[in-house]
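All remarks here apply to the structure that follows.
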Amino acid sequence: MKPYSLSAFLFLLVVYLGVQALTGERGLLSGAARDARLDQREAQLTALTEQRADLEIRVRYLRTGSLSRDLLEERARAVLGFSDPRDYVVRTVAVTPAAASETVS
């Protein structure tokens, strides 16, 4: 059995590496899962880019040089929790970045 032990070890090593090359995390058969995850991350990037652009616009309107009274009033009401009796208030649940990353992964 001694002369075949090295051959058996090398054979098992080749089989193990072959299985990993096909089914491992970066294997040939896991390409569809990587593509799906890439599409999901690209959609998330698009949403975050749109959110950032909206926030940049809001910040621009809150600066001293170009202060928007409507936006200032809206932010003050949101922060203080007050509303005009004539206003219709629609409350929504905001998704936190931590909760969004848990659902993505």
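By convention in this document, the chains of the structure tokens carry letters A, B, ... by their order, each chain's residues are numbered from 1, and ligands are numbered from 1 in the order they are shown.
With only C-alpha atoms taken into account, the protein and nucleic acid residues at most 12 Å from stretch 53-58 of chain A (excluding it and anything under 6 positions from it in its own chain) are Thr46, Ala47, Ser66, Leu67, Ser68, Arg69, Asp70, Leu71, Leu72, Glu74 and Arg75 of chain A.
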Would you save the residues from that selection as a PDB file, in the first residue's frame, using N, CA, C and O atoms?
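Now in selection-v3.pdb:
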ATOM      1  N   THR A  46     -27.915  52.912  -7.169  1.00  0.00           N
ATOM      2  CA  THR A  46     -28.745  53.895  -7.864  1.00  0.00           C
ATOM      3  C   THR A  46     -29.674  54.608  -6.885  1.00  0.00           C
ATOM      4  O   THR A  46     -29.812  55.837  -6.928  1.00  0.00           O
ATOM      5  N   ALA A  47     -30.302  53.847  -5.995  1.00  0.00           N
ATOM      6  CA  ALA A  47     -31.205  54.449  -5.008  1.00  0.00           C
ATOM      7  C   ALA A  47     -30.444  55.390  -4.074  1.00  0.00           C
ATOM      8  O   ALA A  47     -30.918  56.493  -3.765  1.00  0.00           O
ATOM      9  N   SER A  66     -29.111  81.135   0.086  1.00  0.00           N
ATOM     10  CA  SER A  66     -30.288  80.807  -0.728  1.00  0.00           C
ATOM     11  C   SER A  66     -31.311  80.060   0.130  1.00  0.00           C
ATOM     12  O   SER A  66     -31.710  78.952  -0.187  1.00  0.00           O
ATOM     13  N   LEU A  67     -31.729  80.680   1.199  1.00  0.00           N
ATOM     14  CA  LEU A  67     -32.628  80.048   2.153  1.00  0.00           C
ATOM     15  C   LEU A  67     -34.049  79.965   1.594  1.00  0.00           C
ATOM     16  O   LEU A  67     -34.623  80.953   1.171  1.00  0.00           O
ATOM     17  N   SER A  68     -34.599  78.786   1.578  1.00  0.00           N
ATOM     18  CA  SER A  68     -35.970  78.590   1.132  1.00  0.00           C
ATOM     19  C   SER A  68     -36.869  78.560   2.370  1.00  0.00           C
ATOM     20  O   SER A  68     -36.731  77.696   3.229  1.00  0.00           O
ATOM     21  N   ARG A  69     -37.793  79.481   2.448  1.00  0.00           N
ATOM     22  CA  ARG A  69     -38.661  79.568   3.630  1.00  0.00           C
ATOM     23  C   ARG A  69     -39.538  78.333   3.761  1.00  0.00           C
ATOM     24  O   ARG A  69     -39.789  77.852   4.868  1.00  0.00           O
ATOM     25  N   ASP A  70     -40.033  77.808   2.641  1.00  0.00           N
ATOM     26  CA  ASP A  70     -40.892  76.627   2.694  1.00  0.00           C
ATOM     27  C   ASP A  70     -40.136  75.418   3.231  1.00  0.00           C
ATOM     28  O   ASP A  70     -40.642  74.664   4.068  1.00  0.00           O
ATOM     29  N   LEU A  71     -38.923  75.213   2.730  1.00  0.00           N
ATOM     30  CA  LEU A  71     -38.134  74.082   3.199  1.00  0.00           C
ATOM     31  C   LEU A  71     -37.744  74.257   4.658  1.00  0.00           C
ATOM     32  O   LEU A  71     -37.765  73.298   5.438  1.00  0.00           O
ATOM     33  N   LEU A  72     -37.405  75.475   5.048  1.00  0.00           N
ATOM     34  CA  LEU A  72     -37.068  75.740   6.441  1.00  0.00           C
ATOM     35  C   LEU A  72     -38.259  75.450   7.353  1.00  0.00           C
ATOM     36  O   LEU A  72     -38.119  74.815   8.398  1.00  0.00           O
ATOM     37  N   GLU A  74     -40.763  73.429   6.676  1.00  0.00           N
ATOM     38  CA  GLU A  74     -40.997  71.981   6.654  1.00  0.00           C
ATOM     39  C   GLU A  74     -40.052  71.261   7.603  1.00  0.00           C
ATOM     40  O   GLU A  74     -40.470  70.388   8.367  1.00  0.00           O
ATOM     41  N   ARG A  75     -38.766  71.600   7.565  1.00  0.00           N
ATOM     42  CA  ARG A  75     -37.790  70.957   8.441  1.00  0.00           C
ATOM     43  C   ARG A  75     -38.054  71.284   9.906  1.00  0.00           C
ATOM     44  O   ARG A  75     -37.926  70.424  10.773  1.00  0.00           O
TER      45      ARG A  75
END
For this session: Assign secondary structure with DSSP using the backbone only, and return the residues of chain A in alpha helix (DSSP H) as number ranges by chain.
Result: A: 2-23, 31-62, 69-80, 97-104
